[in-house]
Amino acid sequence: MSAPIRVAVTGAAGNIGYALLFRLAAGDCYGKNQPIILQLLEIPTGMKALEGVVMELQDSAFPLLHGIEISDDPNVAFKGVNQAFLVGSRPRTKDMNRADLITANGPIFVGQGQAIANNAASDVRVLVVGNPCNTNALIAMHAGKSVPKDRWHAMTRLDENRAKAQLAKKTGALPGEVTNVGIWGNHSDTMFPDFNNAKVKGQPVPSVADRAWLEGEFLKTVATRGKAIIEARGASSAASAASAAVDHMSSLWNGTPAGEFTSMAVCSNGAYGVPEGLIFSFPVTAKGGNWQIVEGLAQDDFAKAKIANTIKELESERETVKDLLK
Ligand code: NAD
Ligand code: LMR
């Protein structure tokens, strides 16, 4: 058994938190030999509910859960943490776009970015889930400048999983038989789920699904799935978001399988013409907590136009929050 790692989760009493904490404590992210200490952050009005969640975590008697600490102070919650899930923030309602949340949620990530830089362990990795997650991660990265830029991530794994599910359904394959579905860009309707480079049972997707469906219904379904869930449930996706967060950090921790890639929104180094410094989702491979953008993926004119559009949107979000990027 390894020494415990410290894992922070913000918004821990919320809907995603309620699904995420139990997956983490069960060993679904870091493996069955890796104990964890959970460090949970809430706002003062969420602390009472968080106490109830803690009781339930205790009552689950998870062998890998070596401690639970709760606080409404980011400087306490991020003390010594190796991994941080930044979930705490407002979800949108059905008449909103994710970008409409920038004004409400953006400022949260200034204080939390600073608190991570001042308190976290030197090997910290951060995943921003709270929306609009790419731009919130950008804000946190700027606020936490002493933490290397490659440590700040935003989550597009849910979009990848959604794309895999749609491709599996269309082709009669199992979700696990769909690989290399890279999401490019923003976690928003402008994202591009890259069907050109994706595979079903090792076959290129364009050879097993028709182009009109891929460019039309497939793209639309994946891009607007969050809204469809809000309309159906009356609340934003939670269990699938928690599951994707586990998948993202698990890929980073355990590595991606040989020959396969996944999607992570990370700080652009200029690859594929994406402006440097944007938090942009790329197809990546990962190993031992580090990631690399997959090189040499083909992009046809359709893909290039989609990617240009999502770049434009992220640049405009960056402009909106420029006062928070000191
Ligand atoms: P929720 O309202 O159920 O829970 C959010 C929790 O965060 C609440 O308990 C609230 O008290 C807490 N909170 C608010 N401000 C905080 C702060 N400054 N510090 C700590 N905690 C704070 O919402 P949810 O359904 O859990 O969703 C959380 C966020 O995740 C939303 O912004 C939602 O849009 C986003 N989301 C992202 C993805 C993705 O794929 N990236 C998927 C689903 C949801
Ligand atoms: C999702 O994709 O389900 C989340 O980002 C929630 C939302 O607002 O769409």
# chains A, B, ... in the order shown; residues from 1 in each chain; ligands from 1
>>> residues_near_ligand(ligand="ligand 2", cutoff="6 Å", atoms="only C-alpha atoms and all ligand atoms", output="ChimeraX atom specification")
/A:91-92,98,226-227,236-237
>>> residues_near_ligand(ligand="ligand 1", cutoff="6 Å", atoms="only C-alpha atoms and all ligand atoms", output="PyMOL selection string")
chain A and resi 10-11+13-17+41-43+46+87-92+108+129-131+133+155-156+158+236-238+241
>>> closest_residue(among="A:Gln166, A:Thr190, A:Ser250, A:Asn97", to="A:Ala209", atoms="only C-alpha atoms")
A:Gln166
>>> select_by_dssp(residues="stretch 104-308 of chain A", states="alpha helix (DSSP H)", output="PyMOL selection string")
chain A and resi 104-105+108-119+133-143+157-171+211-213+219-223+225-233+239-254+301-308
>>> closest_residue(among="A:Ser122, A:Asn309, A:Ser316, A:Thr179", to="A:Asn197", atoms="only C-alpha atoms")
A:Thr179
>>> closest_atom_pairs(of="stretch 2-36 of chain A", to="stretch 53-71 of chain A", cutoff="8 Å", atoms="only C-alpha atoms", output="Markdown table")
| residue | atom | partner | partner_atom | distance |
| --- | --- | --- | --- | --- |
| A:Pro4 | CA | A:His66 | CA | 7.1 |
| A:Ala13 | CA | A:Val53 | CA | 6.7 |
| A:Tyr18 | CA | A:Val53 | CA | 7.3 |
| A:Leu21 | CA | A:Leu57 | CA | 8.0 |
| A:Phe22 | CA | A:Leu57 | CA | 7.0 |
| A:Ala25 | CA | A:Leu65 | CA | 5.5 |
| A:Ala26 | CA | A:Phe62 | CA | 6.2 |
| A:Gly27 | CA | A:Leu64 | CA | 6.7 |
| A:Lys32 | CA | A:Leu64 | CA | 7.4 |
| A:Asn33 | CA | A:Leu64 | CA | 7.7 |
| A:Gln34 | CA | A:Leu64 | CA | 6.8 |
| A:Pro35 | CA | A:Leu64 | CA | 4.3 |
| A:Ile36 | CA | A:Leu65 | CA | 5.4 |
>>> atom_distance(atom1="atom CA of A:Asp194", atom2="atom CA of A:Leu219")
9.3 Å
>>> closest_residue(among="A:Ser146, A:Thr256, A:Ser281, A:Thr320", to="A:Asn186", atoms="only C-alpha atoms")
A:Ser281
>>> atom_distance(atom1="atom CA of A:Pro275", atom2="atom CA of A:Ala298")
18.7 Å
>>> residues_around(residues="A:Asn290", least_positions_apart="3", cutoff="8 Å", atoms="only C-alpha atoms", output="PyMOL selection string")
chain A and resi 150+252+286-287
>>> residues_around(residues="A:Ile183", least_positions_apart="3", cutoff="8 Å", atoms="only C-alpha atoms", output="mmCIF file with N, CA, C and O atoms, in the first residue's frame")
data_model
loop_
_atom_site.group_PDB
_atom_site.id
_atom_site.type_symbol
_atom_site.label_atom_id
_atom_site.label_comp_id
_atom_site.auth_asym_id
_atom_site.auth_seq_id
_atom_site.Cartn_x
_atom_site.Cartn_y
_atom_site.Cartn_z
ATOM 1 N N THR A 156 -12.922 18.124 -20.649
ATOM 2 C CA THR A 156 -13.725 17.822 -21.846
ATOM 3 C C THR A 156 -13.891 16.306 -21.995
ATOM 4 O O THR A 156 -14.356 15.842 -23.032
ATOM 5 N N ASP A 159 -17.376 15.225 -22.812
ATOM 6 C CA ASP A 159 -17.713 15.350 -24.237
ATOM 7 C C ASP A 159 -17.149 14.146 -25.013
ATOM 8 O O ASP A 159 -17.812 13.602 -25.895
ATOM 9 N N GLU A 160 -15.937 13.748 -24.659
ATOM 10 C CA GLU A 160 -15.342 12.562 -25.308
ATOM 11 C C GLU A 160 -16.194 11.323 -25.030
ATOM 12 O O GLU A 160 -16.483 10.536 -25.936
ATOM 13 N N MET A 191 -17.290 23.077 -29.529
ATOM 14 C CA MET A 191 -16.249 22.020 -29.496
ATOM 15 C C MET A 191 -16.295 21.195 -30.788
ATOM 16 O O MET A 191 -17.351 21.071 -31.430
ATOM 17 N N PHE A 192 -15.160 20.597 -31.134
ATOM 18 C CA PHE A 192 -15.167 19.693 -32.280
ATOM 19 C C PHE A 192 -14.763 18.278 -31.844
ATOM 20 O O PHE A 192 -13.602 18.024 -31.554
ATOM 21 N N PRO A 193 -15.737 17.346 -31.806
ATOM 22 C CA PRO A 193 -15.405 15.943 -31.528
ATOM 23 C C PRO A 193 -14.855 15.331 -32.824
ATOM 24 O O PRO A 193 -15.579 15.197 -33.797
ATOM 25 N N ASP A 194 -13.579 15.013 -32.829
ATOM 26 C CA ASP A 194 -12.838 14.685 -34.046
ATOM 27 C C ASP A 194 -13.118 13.253 -34.518
ATOM 28 O O ASP A 194 -12.426 12.311 -34.134
ATOM 29 N N SER A 263 -8.817 13.163 -24.324
ATOM 30 C CA SER A 263 -8.969 14.608 -24.508
ATOM 31 C C SER A 263 -8.778 15.331 -23.181
ATOM 32 O O SER A 263 -9.393 14.948 -22.180
ATOM 33 N N MET A 264 -7.932 16.335 -23.184
ATOM 34 C CA MET A 264 -7.767 17.177 -21.995
ATOM 35 C C MET A 264 -7.654 18.621 -22.459
ATOM 36 O O MET A 264 -6.933 18.903 -23.430
ATOM 37 N N SER A 281 -8.896 22.243 -25.474
ATOM 38 C CA SER A 281 -8.892 20.779 -25.446
ATOM 39 C C SER A 281 -8.192 20.225 -26.685
ATOM 40 O O SER A 281 -8.502 20.605 -27.816
ATOM 41 N N PHE A 282 -7.232 19.323 -26.423
ATOM 42 C CA PHE A 282 -6.467 18.651 -27.474
ATOM 43 C C PHE A 282 -6.556 17.140 -27.263
ATOM 44 O O PHE A 282 -6.717 16.676 -26.132
ATOM 45 N N PRO A 283 -6.316 16.373 -28.318
ATOM 46 C CA PRO A 283 -6.032 14.953 -28.129
ATOM 47 C C PRO A 283 -4.650 14.832 -27.489
ATOM 48 O O PRO A 283 -3.689 15.423 -27.984
#
>>> closest_residue(among="A:Gly111, A:Gly216, A:Gly52, A:Gly106", to="A:Ala137", atoms="only C-alpha atoms")
A:Gly106
>>> select_by_dssp(residues="stretch 28-246 of chain A", states="strand (DSSP E)", output="PyMOL selection string")
chain A and resi 36-41+65-71+83-86+125-128+152-154+178-179+182-184+192-194+199-200+203-204
>>> residues_around(residues="A:Gly270", least_positions_apart="3", cutoff="12 Å", atoms="only C-alpha atoms", output="VMD selection string")
chain A and resid 266 to 267 273 to 280 282 293 295 311
>>> residues_around(residues="A:Ala121", least_positions_apart="5", cutoff="8 Å", atoms="only C-alpha atoms", output="MDAnalysis selection string")
chainID A and resid 79:82
>>> residues_around(residues="A:Ala173", least_positions_apart="4", cutoff="12 Å", atoms="only C-alpha atoms", output="number ranges by chain")
A: 164-169, 177-179, 199-203, 205, 208-209
>>> closest_residue(among="A:Ala77, A:Ala235, A:Met249, A:Ala163", to="A:Gly288", atoms="only C-alpha atoms")
A:Met249
